[in-house]
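See below for work_18.cif, which holds mmCIF, C-alpha atoms.
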```
data_final
#
loop_
_atom_site.label_atom_id
_atom_site.label_comp_id
_atom_site.auth_asym_id
_atom_site.auth_seq_id
_atom_site.Cartn_x
_atom_site.Cartn_y
_atom_site.Cartn_z
CA MET Q 608 -15.36 -28.81 14.26
CA LYS Q 609 -12.80 -26.31 15.56
CA ARG Q 610 -12.48 -22.91 13.88
CA VAL Q 611 -9.04 -21.48 13.18
CA LEU Q 612 -8.57 -17.91 11.97
CA ILE Q 613 -5.31 -17.10 10.18
CA LEU Q 614 -4.49 -13.38 10.02
CA MET Q 615 -2.26 -12.21 7.20
CA ASN Q 616 -1.67 -9.13 5.07
CA GLU Q 617 -1.29 -8.97 1.30
CA ASN Q 618 1.99 -7.07 1.01
CA GLY Q 619 4.17 -9.21 -1.17
CA GLY Q 620 3.23 -12.82 -1.81
CA GLY Q 621 5.00 -14.47 1.12
CA HIS Q 622 2.47 -13.92 3.90
CA ARG Q 623 -0.44 -15.26 1.88
CA ALA Q 624 1.63 -18.24 0.75
CA SER Q 625 2.50 -19.03 4.39
CA ALA Q 626 -1.13 -18.67 5.50
CA GLU Q 627 -2.36 -20.92 2.70
CA ALA Q 628 0.39 -23.45 3.47
CA LEU Q 629 -0.86 -23.72 7.05
CA ARG Q 630 -4.48 -23.92 5.90
CA ASP Q 631 -3.67 -26.69 3.42
CA ALA Q 632 -1.66 -28.61 6.02
CA PHE Q 633 -4.63 -28.50 8.40
CA ARG Q 634 -6.85 -29.89 5.63
CA GLU Q 635 -4.38 -32.61 4.69
CA ARG Q 636 -3.70 -33.70 8.26
CA TYR Q 637 -7.13 -33.25 9.89
CA GLY Q 638 -9.69 -33.04 7.09
CA ALA Q 639 -13.04 -31.62 8.19
CA GLU Q 640 -12.09 -31.52 11.88
CA PHE Q 641 -10.96 -27.91 11.42
CA GLN Q 642 -12.45 -24.99 9.55
CA VAL Q 643 -9.58 -22.68 8.66
CA ASP Q 644 -10.25 -19.14 7.41
CA VAL Q 645 -7.47 -16.99 5.94
CA VAL Q 646 -8.23 -13.29 6.37
CA ASP Q 647 -6.40 -10.20 5.13
CA LEU Q 648 -7.35 -8.25 8.23
CA TRP Q 649 -5.63 -5.01 7.23
CA THR Q 650 -7.06 -4.76 3.72
CA ASP Q 651 -10.55 -6.14 4.32
CA HIS Q 652 -11.34 -4.93 7.83
CA THR Q 653 -9.71 -1.53 8.39
CA PRO Q 654 -10.92 1.87 7.16
CA TRP Q 655 -9.47 3.99 4.39
CA PRO Q 656 -6.62 4.93 3.97
CA LEU Q 657 -5.11 2.18 6.15
CA ASN Q 658 -6.70 -0.49 3.96
CA ARG Q 659 -4.81 0.88 0.94
CA VAL Q 660 -1.35 0.71 2.51
CA PRO Q 661 -0.57 -2.90 1.44
CA LYS Q 662 -1.16 -1.98 -2.21
CA THR Q 663 1.73 0.50 -2.05
CA TYR Q 664 4.23 -2.17 -0.95
CA PRO Q 665 5.54 -3.32 -4.37
CA PHE Q 666 5.94 0.27 -5.59
CA VAL Q 667 7.78 1.45 -2.46
CA VAL Q 668 10.09 -1.58 -2.36
CA ASN Q 669 10.93 -1.34 -6.06
CA GLU Q 670 11.00 2.40 -6.71
CA ILE Q 671 11.97 4.04 -3.41
CA PRO Q 672 13.78 1.38 -1.36
CA TRP Q 673 15.57 4.05 0.70
CA PHE Q 674 12.18 5.18 2.03
CA TYR Q 675 11.16 1.64 2.91
CA ARG Q 676 14.49 1.14 4.68
CA PHE Q 677 13.91 4.36 6.64
CA ILE Q 678 10.40 3.34 7.72
CA TYR Q 679 11.60 -0.11 8.73
CA ARG Q 680 14.47 1.25 10.83
CA VAL Q 681 12.37 3.93 12.51
CA THR Q 682 9.65 1.48 13.49
CA GLU Q 683 12.22 -0.92 14.94
CA LYS Q 684 12.42 1.44 17.91
CA PRO Q 685 9.97 0.10 20.52
CA GLN Q 686 8.72 3.53 21.54
CA VAL Q 687 7.87 4.37 17.92
CA SER Q 688 6.14 1.06 17.15
CA ARG Q 689 4.13 1.25 20.39
CA LEU Q 690 3.00 4.79 19.55
CA LEU Q 691 1.96 3.84 16.02
CA MET Q 692 0.20 0.64 17.03
CA GLY Q 693 -1.59 2.47 19.84
CA ALA Q 694 -2.88 5.10 17.45
CA ALA Q 695 -3.89 2.51 14.85
CA SER Q 696 -5.63 0.43 17.51
CA LYS Q 697 -8.08 3.21 18.36
CA TRP Q 698 -8.81 3.76 14.67
CA VAL Q 699 -9.41 0.14 13.69
CA ALA Q 700 -10.71 -1.37 16.95
CA ARG Q 701 -14.38 -1.56 15.98
CA PRO Q 702 -14.10 -3.19 12.52
CA VAL Q 703 -11.37 -5.58 13.66
CA ARG Q 704 -13.40 -6.59 16.70
CA GLN Q 705 -16.42 -7.18 14.45
CA ALA Q 706 -14.31 -9.28 12.11
CA ILE Q 707 -13.01 -11.47 14.92
CA CYS Q 708 -16.50 -11.92 16.32
CA SER Q 709 -17.92 -12.84 12.92
CA TYR Q 710 -15.44 -15.73 12.54
CA ALA Q 711 -15.80 -16.80 16.20
CA PRO Q 712 -12.47 -18.63 16.20
CA ASP Q 713 -11.34 -21.20 18.73
CA LEU Q 714 -7.74 -20.23 17.95
CA ILE Q 715 -6.00 -17.42 16.04
CA ILE Q 716 -2.78 -17.67 14.05
CA SER Q 717 -0.87 -14.59 12.90
CA VAL Q 718 1.55 -14.79 9.97
CA HIS Q 719 2.26 -11.05 9.75
CA PRO Q 720 4.17 -8.69 12.06
CA LEU Q 721 1.27 -6.22 12.26
CA MET Q 722 -1.22 -8.87 13.36
CA GLN Q 723 -0.09 -9.38 16.97
CA ASP Q 724 -0.53 -6.19 18.96
CA ILE Q 725 -4.03 -5.03 17.95
CA PRO Q 726 -5.81 -8.43 17.91
CA LEU Q 727 -4.28 -9.41 21.27
CA LYS Q 728 -5.32 -6.11 22.79
CA LEU Q 729 -8.88 -6.52 21.51
CA LEU Q 730 -9.12 -10.13 22.70
CA ALA Q 731 -8.10 -8.99 26.18
CA GLN Q 732 -10.74 -6.24 26.13
CA MET Q 733 -13.36 -8.74 24.98
CA GLN Q 734 -12.19 -11.24 27.64
CA TRP Q 735 -11.81 -13.92 25.01
CA ARG Q 736 -9.35 -16.47 26.37
CA ILE Q 737 -8.41 -18.43 23.27
CA PRO Q 738 -4.94 -19.55 22.11
CA PHE Q 739 -3.12 -16.99 19.97
CA VAL Q 740 -0.19 -18.24 17.94
CA THR Q 741 2.41 -16.37 15.90
CA VAL Q 742 4.06 -18.17 12.99
CA VAL Q 743 6.97 -15.94 12.01
CA THR Q 744 7.46 -15.96 8.24
CA ASP Q 745 10.73 -14.01 8.23
CA LEU Q 746 13.83 -16.15 8.46
CA THR Q 747 16.47 -14.31 10.47
CA THR Q 748 15.81 -10.55 10.67
CA LEU Q 749 12.73 -10.11 12.83
CA HIS Q 750 10.97 -6.78 13.18
CA PRO Q 751 10.06 -6.21 16.87
CA THR Q 752 6.34 -6.22 16.08
CA TRP Q 753 6.62 -9.95 15.33
CA LEU Q 754 7.43 -10.77 18.95
CA HIS Q 755 4.67 -10.23 21.49
CA LYS Q 756 5.03 -11.58 25.03
CA ASP Q 757 1.32 -12.43 25.37
CA VAL Q 758 1.16 -15.05 22.60
CA THR Q 759 0.52 -18.67 23.50
CA LEU Q 760 3.20 -19.97 21.13
CA CYS Q 761 5.62 -18.35 18.69
CA PHE Q 762 7.09 -20.45 15.88
CA VAL Q 763 10.40 -19.29 14.37
CA GLY Q 764 12.47 -20.62 11.48
CA SER Q 765 16.12 -20.25 12.53
CA ASP Q 766 18.55 -20.13 15.45
CA GLU Q 767 18.94 -16.39 14.90
CA ALA Q 768 15.20 -15.80 15.18
CA TYR Q 769 15.00 -17.98 18.31
CA ARG Q 770 17.75 -15.98 20.02
CA ARG Q 771 16.12 -12.70 19.02
CA ALA Q 772 12.81 -13.78 20.55
CA LEU Q 773 14.53 -14.64 23.83
CA GLN Q 774 16.31 -11.28 23.85
CA VAL Q 775 13.04 -9.33 23.72
CA GLY Q 776 11.46 -11.29 26.53
CA LEU Q 777 9.64 -14.32 25.16
CA ARG Q 778 10.05 -17.39 27.36
CA PRO Q 779 11.59 -20.63 26.08
CA GLU Q 780 8.31 -22.48 26.72
CA GLN Q 781 6.57 -20.08 24.29
CA LEU Q 782 9.02 -20.77 21.46
CA ARG Q 783 9.17 -23.51 18.85
CA GLN Q 784 11.67 -23.85 16.02
CA TYR Q 785 10.68 -26.13 13.16
CA GLY Q 786 11.40 -24.07 10.03
CA LEU Q 787 9.26 -21.79 7.91
CA PRO Q 788 5.74 -22.79 6.80
CA ILE Q 789 6.01 -23.81 3.15
CA ARG Q 790 3.33 -25.47 1.07
CA PRO Q 791 2.65 -29.15 1.80
CA ALA Q 792 3.69 -30.18 -1.71
CA PHE Q 793 7.31 -29.45 -0.76
CA ALA Q 794 7.10 -32.22 1.86
CA ARG Q 795 6.45 -34.86 -0.79
CA GLN Q 796 9.18 -36.62 -2.74
CA PRO Q 797 9.44 -34.84 -6.11
CA ARG Q 798 8.96 -36.83 -9.27
CA PRO Q 799 12.04 -37.62 -11.38
CA GLN Q 800 13.57 -34.55 -12.98
CA THR Q 801 13.39 -36.13 -16.44
CA THR Q 802 9.65 -36.69 -16.08
CA LEU Q 803 9.06 -33.14 -14.86
CA ARG Q 804 11.08 -31.61 -17.68
CA GLN Q 805 9.15 -33.56 -20.29
CA GLU Q 806 5.81 -32.52 -18.79
CA LEU Q 807 6.83 -28.86 -18.51
CA GLY Q 808 8.14 -28.58 -22.07
CA MET Q 809 11.84 -28.35 -21.22
CA LEU Q 810 14.85 -30.03 -22.80
CA VAL Q 811 15.62 -33.12 -20.75
CA ASP Q 812 19.44 -33.25 -20.88
CA VAL Q 813 20.32 -29.55 -20.58
CA PRO Q 814 21.26 -27.77 -17.29
CA THR Q 815 18.47 -25.43 -16.26
CA ALA Q 816 18.41 -22.19 -14.27
CA LEU Q 817 15.17 -20.97 -12.72
CA ILE Q 818 14.72 -17.22 -12.23
CA VAL Q 819 11.88 -16.17 -9.95
CA SER Q 820 10.66 -12.69 -9.09
CA GLY Q 821 8.38 -13.48 -6.14
CA GLY Q 822 4.60 -13.29 -6.15
CA GLU Q 823 4.55 -9.57 -6.99
CA GLY Q 824 7.28 -9.74 -9.63
CA VAL Q 825 9.96 -7.53 -8.09
CA GLY Q 826 13.67 -7.26 -8.89
CA ARG Q 827 15.89 -6.97 -12.01
CA VAL Q 828 14.55 -10.17 -13.51
CA GLY Q 829 14.64 -9.06 -17.14
CA GLU Q 830 18.25 -7.85 -17.07
CA ILE Q 831 19.40 -10.98 -15.27
CA ALA Q 832 17.61 -13.34 -17.66
CA ARG Q 833 19.01 -11.63 -20.75
CA ALA Q 834 22.57 -11.61 -19.37
CA ILE Q 835 22.42 -15.33 -18.54
CA ALA Q 836 20.94 -16.19 -21.93
CA VAL Q 837 23.68 -14.32 -23.80
CA ARG Q 838 26.42 -15.95 -21.75
CA LEU Q 839 25.06 -19.50 -22.04
CA ALA Q 840 24.54 -19.01 -25.77
CA ALA Q 841 28.20 -18.09 -26.11
CA ASP Q 842 29.23 -21.07 -23.98
CA GLY Q 843 27.24 -23.46 -26.15
CA GLN Q 844 28.55 -22.43 -29.56
CA GLY Q 845 29.73 -25.45 -31.49
CA GLY Q 846 27.97 -27.98 -29.27
CA GLN Q 847 25.07 -30.21 -30.22
CA LEU Q 848 23.13 -29.05 -27.17
CA PRO Q 849 22.95 -25.56 -25.67
CA ALA Q 850 25.06 -24.93 -22.55
CA GLY Q 851 21.90 -24.28 -20.57
CA GLN Q 852 18.25 -23.33 -20.64
CA LEU Q 853 16.15 -20.86 -18.66
CA VAL Q 854 12.81 -20.77 -16.91
CA VAL Q 855 11.64 -17.30 -15.89
CA VAL Q 856 8.69 -17.00 -13.49
CA CYS Q 857 7.39 -13.43 -13.50
CA GLY Q 858 4.78 -13.78 -10.76
CA ARG Q 859 1.91 -11.32 -11.05
CA ASN Q 860 4.00 -8.78 -12.97
CA GLN Q 861 2.15 -8.87 -16.30
CA LYS Q 862 4.31 -6.11 -17.79
CA LEU Q 863 7.46 -8.11 -17.10
CA GLN Q 864 5.91 -11.24 -18.54
CA ASP Q 865 4.90 -9.41 -21.73
CA GLU Q 866 8.40 -7.97 -22.11
CA MET Q 867 10.01 -11.37 -21.60
CA GLU Q 868 7.69 -13.09 -24.04
CA ALA Q 869 8.51 -10.46 -26.68
CA CYS Q 870 12.24 -11.18 -26.48
CA ALA Q 871 14.11 -13.30 -29.01
CA TRP Q 872 15.99 -15.70 -26.74
CA PRO Q 873 19.32 -17.19 -27.92
CA ILE Q 874 18.81 -20.31 -25.77
CA PRO Q 875 15.70 -22.35 -24.93
CA THR Q 876 13.68 -20.18 -22.51
CA ILE Q 877 10.26 -20.66 -20.94
CA ILE Q 878 8.40 -17.60 -19.62
CA LYS Q 879 5.67 -18.05 -17.05
CA GLY Q 880 3.51 -15.71 -15.00
CA PHE Q 881 2.24 -16.79 -11.60
CA VAL Q 882 2.41 -20.58 -11.30
CA GLU Q 883 0.53 -22.70 -8.77
CA ASN Q 884 2.89 -25.68 -9.01
CA ILE Q 885 6.13 -23.83 -8.35
CA TRP Q 886 7.48 -26.95 -6.60
CA ASP Q 887 7.44 -28.84 -9.92
CA TRP Q 888 9.29 -26.05 -11.70
CA MET Q 889 11.87 -25.86 -8.92
CA ALA Q 890 12.42 -29.61 -8.84
CA ALA Q 891 12.88 -29.61 -12.64
CA CYS Q 892 15.74 -27.09 -12.43
CA ASP Q 893 19.37 -27.26 -11.27
CA CYS Q 894 19.59 -23.90 -9.47
CA ILE Q 895 17.49 -20.87 -8.62
CA ILE Q 896 18.14 -17.13 -8.99
CA THR Q 897 16.02 -15.05 -6.64
CA LYS Q 898 15.96 -12.15 -4.25
CA ALA Q 899 16.47 -13.15 -0.63
CA GLY Q 900 12.83 -13.89 0.18
CA PRO Q 901 12.60 -16.21 3.19
CA GLY Q 902 9.90 -18.45 1.74
CA THR Q 903 11.78 -19.02 -1.51
CA ILE Q 904 14.97 -19.82 0.40
CA ALA Q 905 13.09 -22.35 2.55
CA GLU Q 906 11.44 -23.91 -0.50
CA ALA Q 907 14.74 -24.16 -2.39
CA CYS Q 908 16.42 -25.86 0.57
CA ALA Q 909 13.52 -28.30 0.92
CA LEU Q 910 14.21 -29.43 -2.65
CA GLY Q 911 18.02 -29.25 -2.45
CA LEU Q 912 18.32 -26.38 -4.91
CA PRO Q 913 21.48 -24.18 -4.93
CA ILE Q 914 20.58 -20.50 -4.51
CA LEU Q 915 21.98 -17.45 -6.25
CA LEU Q 916 20.71 -14.40 -4.40
CA SER Q 917 20.48 -11.32 -6.61
CA GLY Q 918 19.17 -8.79 -4.08
CA TYR Q 919 17.14 -8.31 -0.93
CA ILE Q 920 14.49 -6.05 0.52
CA PRO Q 921 16.17 -3.80 3.11
CA GLY Q 922 15.06 -4.61 6.61
CA GLN Q 923 13.38 -7.98 6.90
CA GLU Q 924 15.50 -9.72 4.25
CA SER Q 925 18.88 -8.28 5.25
CA GLY Q 926 19.84 -11.24 7.42
CA ASN Q 927 18.89 -13.83 4.83
CA VAL Q 928 21.97 -13.18 2.71
CA PRO Q 929 24.53 -14.09 5.42
CA TYR Q 930 22.28 -17.02 6.39
CA VAL Q 931 22.56 -18.51 2.89
CA LEU Q 932 26.29 -17.82 2.67
CA ARG Q 933 27.08 -19.12 6.15
CA HIS Q 934 25.32 -22.42 5.48
CA GLY Q 935 27.05 -22.84 2.13
CA VAL Q 936 23.82 -23.26 0.16
CA GLY Q 937 24.35 -20.39 -2.28
CA VAL Q 938 26.07 -17.16 -3.25
CA TYR Q 939 25.16 -13.47 -3.41
CA VAL Q 940 25.75 -11.53 -6.65
CA GLU Q 941 23.94 -8.37 -7.78
CA ALA Q 942 25.26 -7.41 -11.24
CA PRO Q 943 23.50 -9.29 -14.07
CA GLU Q 944 26.74 -9.94 -15.97
CA GLN Q 945 28.38 -11.39 -12.85
CA ILE Q 946 25.31 -13.53 -12.19
CA ALA Q 947 25.63 -14.86 -15.74
CA GLU Q 948 29.30 -15.66 -15.07
CA VAL Q 949 28.40 -17.68 -11.95
CA ILE Q 950 25.73 -19.68 -13.81
CA SER Q 951 28.18 -20.31 -16.64
CA ARG Q 952 30.68 -21.77 -14.17
CA TRP Q 953 28.04 -23.79 -12.34
CA PHE Q 954 26.91 -25.35 -15.62
CA GLY Q 955 30.52 -25.89 -16.69
CA PRO Q 956 33.80 -26.24 -14.77
CA GLU Q 957 32.27 -25.71 -11.30
CA ARG Q 958 29.39 -28.16 -11.56
CA ALA Q 959 30.80 -30.16 -8.64
CA SER Q 960 30.64 -27.02 -6.47
CA MET Q 961 26.99 -26.51 -7.45
CA LEU Q 962 26.19 -30.11 -6.53
CA GLN Q 963 27.88 -29.63 -3.15
CA MET Q 964 25.64 -26.64 -2.49
CA ALA Q 965 22.66 -28.75 -3.50
CA GLU Q 966 23.51 -31.37 -0.86
CA LYS Q 967 24.01 -28.73 1.84
CA ALA Q 968 20.68 -27.16 0.91
CA ARG Q 969 18.99 -30.54 1.22
CA GLN Q 970 20.49 -31.01 4.69
CA LEU Q 971 19.37 -27.52 5.78
CA GLY Q 972 15.85 -27.86 4.38
CA ARG Q 973 12.86 -28.54 6.63
CA PRO Q 974 10.19 -29.84 4.22
CA GLN Q 975 8.03 -31.18 7.08
CA ALA Q 976 8.01 -27.90 9.04
CA THR Q 977 4.46 -26.93 8.11
CA PHE Q 978 3.01 -30.21 9.33
CA GLU Q 979 5.04 -30.04 12.55
CA ILE Q 980 3.73 -26.51 13.18
CA VAL Q 981 0.13 -27.50 12.47
CA GLU Q 982 0.29 -30.57 14.70
CA GLU Q 983 1.55 -28.52 17.64
CA ILE Q 984 -1.13 -25.88 17.08
CA ALA Q 985 -3.82 -28.57 16.91
CA ALA Q 986 -2.55 -29.94 20.22
CA LEU Q 987 -3.53 -26.63 21.84
CA LEU Q 988 -7.13 -27.57 21.01
CA GLY Q 989 -6.81 -31.10 22.32
CA TYR Q 990 -5.83 -32.96 19.15
CA ALA Q 991 -3.14 -35.62 19.42
CA ASP Q 992 -0.67 -36.16 16.56
CA HIS Q 993 -2.16 -37.96 13.58
#
```
Once you've parsed the file, please lay out its structure as structure tokens.
Amino acid sequence: MKRVLILMNENGGGHRASAEALRDAFRERYGAEFQVDVVDLWTDHTPWPLNRVPKTYPFVVNEIPWFYRFIYRVTEKPQVSRLLMGAASKWVARPVRQAICSYAPDLIISVHPLMQDIPLKLLAQMQWRIPFVTVVTDLTTLHPTWLHKDVTLCFVGSDEAYRRALQVGLRPEQLRQYGLPIRPAFARQPRPQTTLRQELGMLVDVPTALIVSGGEGVGRVGEIARAIAVRLAADGQGGQLPAGQLVVVCGRNQKLQDEMEACAWPIPTIIKGFVENIWDWMAACDCIITKAGPGTIAEACALGLPILLSGYIPGQESGNVPYVLRHGVGVYVEAPEQIAEVISRWFGPERASMLQMAEKARQLGRPQATFEIVEEIAALLGYADH
């Protein structure tokens, strides 16, 4: 049995989702031949107050985005990031070294931008010569800390990310471009939409918009949902069926879920918290409204789902908006009333346009990317393709 250690950090839901997608793909493809451990190195193996930093992420992103943007831009400067990582390295070296030794991995995978520099430095000091792989989970806008010249392989999800990696000095033989790691369920053919809607308690013959807030429940989800509901209710007056229905996934934001469940909705609306089978909910719907999270974009494209982007986190998600627009798989609208107008048109006179976006999304999607990544990583340890 080979041991694989996946390093991630619990700020937002995307890094954990990517790590677990890789872990599950290893299990599905290789069974018991690999033991894969997913570790939140920053939270579980660094001292206070560093171990508390990830917990501040949702608050900073939601409440003081200008500060997050400032920190992101400042740390993009190589001299600043090197200084900070050097200082952090001295502080966390002992517990991180102990953590790596305790797992005794044959190979390490990083799915977080802060998980390259310090582990690689410690491995060199320990004279451990094992493969170290970065799987970049941002789509287009890559923070410099993602790209370390000493990695064995670096997997990226777009042409833009590939070019960026070359610009900072990674060699072509270090780079692979398959797509982002999304959960293995997205690689399977979804069941018929009618079947899914019946199982999930939805109306079968009514267009459906899915609103997601990410794992941590960020964004103006409540305002957007209410605006769409009011508009679709008005569109459907006089008809036997409503003009549309809504599914709102609130993630881990219990307050948002409680607020949504307390609303009197003028159209059929299902409110959910965090859902494990998000692929079923996505496949049951006709379009998705989301912030520009890279994982959600990749998942939507894998299922051929048109995307309405309602916002983005400054910094790492900035490039995802032009990516979606350039490929013709969605639109970007911020104001809730304007979002409602777009959904009204998609479910009405511009349905053909929505279906065109769906086909382009399907062509852009890389549902097999996770398995392709895992197979190439396994090859580093002598495993041929299964």
What gap, in Å, lies between CA of Val699 in chain Q and CA of Val763 in chain Q?
27.8 Å
Evaluate the PyMOL selection byres ((chain Q and resi 910) around 10) and record the selected residues as a PDB file with C-alpha atoms, keeping the file's coordinate frame, following the chain and residue labels used in the document.
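part_7.pdb, written as the output of this step:
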```
ATOM      1  CA  PHE Q 793       7.310 -29.450  -0.760  1.00  0.00           C
ATOM      2  CA  ALA Q 794       7.100 -32.220   1.860  1.00  0.00           C
ATOM      3  CA  ARG Q 795       6.450 -34.860  -0.790  1.00  0.00           C
ATOM      4  CA  GLN Q 796       9.180 -36.620  -2.740  1.00  0.00           C
ATOM      5  CA  PRO Q 797       9.440 -34.840  -6.110  1.00  0.00           C
ATOM      6  CA  TRP Q 886       7.480 -26.950  -6.600  1.00  0.00           C
ATOM      7  CA  ASP Q 887       7.440 -28.840  -9.920  1.00  0.00           C
ATOM      8  CA  MET Q 889      11.870 -25.860  -8.920  1.00  0.00           C
ATOM      9  CA  ALA Q 890      12.420 -29.610  -8.840  1.00  0.00           C
ATOM     10  CA  ALA Q 905      13.090 -22.350   2.550  1.00  0.00           C
ATOM     11  CA  GLU Q 906      11.440 -23.910  -0.500  1.00  0.00           C
ATOM     12  CA  ALA Q 907      14.740 -24.160  -2.390  1.00  0.00           C
ATOM     13  CA  CYS Q 908      16.420 -25.860   0.570  1.00  0.00           C
ATOM     14  CA  ALA Q 909      13.520 -28.300   0.920  1.00  0.00           C
ATOM     15  CA  GLY Q 911      18.020 -29.250  -2.450  1.00  0.00           C
ATOM     16  CA  LEU Q 912      18.320 -26.380  -4.910  1.00  0.00           C
ATOM     17  CA  PRO Q 913      21.480 -24.180  -4.930  1.00  0.00           C
ATOM     18  CA  ALA Q 965      22.660 -28.750  -3.500  1.00  0.00           C
ATOM     19  CA  GLU Q 966      23.510 -31.370  -0.860  1.00  0.00           C
ATOM     20  CA  ALA Q 968      20.680 -27.160   0.910  1.00  0.00           C
ATOM     21  CA  ARG Q 969      18.990 -30.540   1.220  1.00  0.00           C
ATOM     22  CA  GLN Q 970      20.490 -31.010   4.690  1.00  0.00           C
ATOM     23  CA  GLY Q 972      15.850 -27.860   4.380  1.00  0.00           C
ATOM     24  CA  ARG Q 973      12.860 -28.540   6.630  1.00  0.00           C
ATOM     25  CA  PRO Q 974      10.190 -29.840   4.220  1.00  0.00           C
TER      26      PRO Q 974
END
```
Selection result for the PyMOL selection byres ((chain Q and resi 790) around 10) on this file, as a tab-separated table (two decimals) with C-alpha atoms, keeping the file's coordinate frame:
```tsv
chain	number	residue	atom	x	y	z
Q	624	ALA	CA	1.63	-18.24	0.75
Q	625	SER	CA	2.50	-19.03	4.39
Q	626	ALA	CA	-1.13	-18.67	5.50
Q	627	GLU	CA	-2.36	-20.92	2.70
Q	628	ALA	CA	0.39	-23.45	3.47
Q	629	LEU	CA	-0.86	-23.72	7.05
Q	630	ARG	CA	-4.48	-23.92	5.90
Q	631	ASP	CA	-3.67	-26.69	3.42
Q	632	ALA	CA	-1.66	-28.61	6.02
Q	787	LEU	CA	9.26	-21.79	7.91
Q	788	PRO	CA	5.74	-22.79	6.80
Q	789	ILE	CA	6.01	-23.81	3.15
Q	791	PRO	CA	2.65	-29.15	1.80
Q	792	ALA	CA	3.69	-30.18	-1.71
Q	793	PHE	CA	7.31	-29.45	-0.76
Q	794	ALA	CA	7.10	-32.22	1.86
Q	885	ILE	CA	6.13	-23.83	-8.35
Q	886	TRP	CA	7.48	-26.95	-6.60
Q	902	GLY	CA	9.90	-18.45	1.74
Q	906	GLU	CA	11.44	-23.91	-0.50
Q	974	PRO	CA	10.19	-29.84	4.22
Q	975	GLN	CA	8.03	-31.18	7.08
Q	976	ALA	CA	8.01	-27.90	9.04
Q	977	THR	CA	4.46	-26.93	8.11
Q	978	PHE	CA	3.01	-30.21	9.33
```
Mind dumping a table of every range 660-776 of chain Q residue within 10 Å of range 634-649 of chain Q, with the nearest atom pair and its distance in Å to one decimal, using all atoms listed in the file, sorted by chain and rising number, as JSON lines?
```
{"residue": "Q:Val660", "atom": "CA", "partner": "Q:Trp649", "partner_atom": "CA", "distance": 8.6}
{"residue": "Q:Pro661", "atom": "CA", "partner": "Q:Trp649", "partner_atom": "CA", "distance": 8.0}
{"residue": "Q:Val699", "atom": "CA", "partner": "Q:Trp649", "partner_atom": "CA", "distance": 9.1}
{"residue": "Q:Pro702", "atom": "CA", "partner": "Q:Leu648", "partner_atom": "CA", "distance": 9.5}
{"residue": "Q:Val703", "atom": "CA", "partner": "Q:Leu648", "partner_atom": "CA", "distance": 7.3}
{"residue": "Q:Ala706", "atom": "CA", "partner": "Q:Leu648", "partner_atom": "CA", "distance": 8.0}
{"residue": "Q:Ile707", "atom": "CA", "partner": "Q:Leu648", "partner_atom": "CA", "distance": 9.3}
{"residue": "Q:Tyr710", "atom": "CA", "partner": "Q:Asp644", "partner_atom": "CA", "distance": 8.1}
{"residue": "Q:Pro712", "atom": "CA", "partner": "Q:Val643", "partner_atom": "CA", "distance": 9.0}
{"residue": "Q:Asp713", "atom": "CA", "partner": "Q:Phe641", "partner_atom": "CA", "distance": 9.9}
{"residue": "Q:Leu714", "atom": "CA", "partner": "Q:Val643", "partner_atom": "CA", "distance": 9.8}
{"residue": "Q:Ile715", "atom": "CA", "partner": "Q:Val643", "partner_atom": "CA", "distance": 9.7}
{"residue": "Q:Ile716", "atom": "CA", "partner": "Q:Val645", "partner_atom": "CA", "distance": 9.4}
{"residue": "Q:Ser717", "atom": "CA", "partner": "Q:Val645", "partner_atom": "CA", "distance": 9.9}
{"residue": "Q:His719", "atom": "CA", "partner": "Q:Asp647", "partner_atom": "CA", "distance": 9.9}
{"residue": "Q:Leu721", "atom": "CA", "partner": "Q:Trp649", "partner_atom": "CA", "distance": 8.6}
{"residue": "Q:Met722", "atom": "CA", "partner": "Q:Leu648", "partner_atom": "CA", "distance": 8.0}
{"residue": "Q:Pro726", "atom": "CA", "partner": "Q:Leu648", "partner_atom": "CA", "distance": 9.8}
```
Which residues are close to Phe677 in chain Q, i.e. within 12 Å by all atoms listed in the file, leaving aside same-chain residues fewer than 4 positions away? Reply as a JSON list (two decimals) with C-alpha atoms, in the frame of the given file.
```
[["chain", "number", "residue", "atom", "x", "y", "z"],
["Q", 667, "VAL", "CA", 7.78, 1.45, -2.46],
["Q", 668, "VAL", "CA", 10.09, -1.58, -2.36],
["Q", 671, "ILE", "CA", 11.97, 4.04, -3.41],
["Q", 672, "PRO", "CA", 13.78, 1.38, -1.36],
["Q", 673, "TRP", "CA", 15.57, 4.05, 0.70],
["Q", 681, "VAL", "CA", 12.37, 3.93, 12.51],
["Q", 682, "THR", "CA", 9.65, 1.48, 13.49],
["Q", 683, "GLU", "CA", 12.22, -0.92, 14.94],
["Q", 684, "LYS", "CA", 12.42, 1.44, 17.91],
["Q", 921, "PRO", "CA", 16.17, -3.80, 3.11],
["Q", 922, "GLY", "CA", 15.06, -4.61, 6.61]]
```
Excluding Ala841 in chain Q and any residue of its chain fewer than 4 positions from it, enumerate the residues within 12 Å of it, using all atoms listed in the file, and give them as number ranges by chain.
Q: 834-837, 845-846, 849-851, 873-874, 947-948, 951
Pull out every residue that the PyMOL selection byres ((chain Q and resi 937) around 7) matches in the shown coordinates and put them as a PyMOL selection string.
chain Q and resi 913-915+931-932+935-936+938+964
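For the choices Q:Gly843, Q:Pro779, Q:Gly786, Q:Gly926, the atom-to-atom distance to Phe762 in chain Q is smallest for Q:Gly786 when using all atoms listed in the file.
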Expressed in Å to a single decimal, how great is the separation between CA of Pro654 in chain Q and CA of Gly858 in chain Q?
28.5 Å
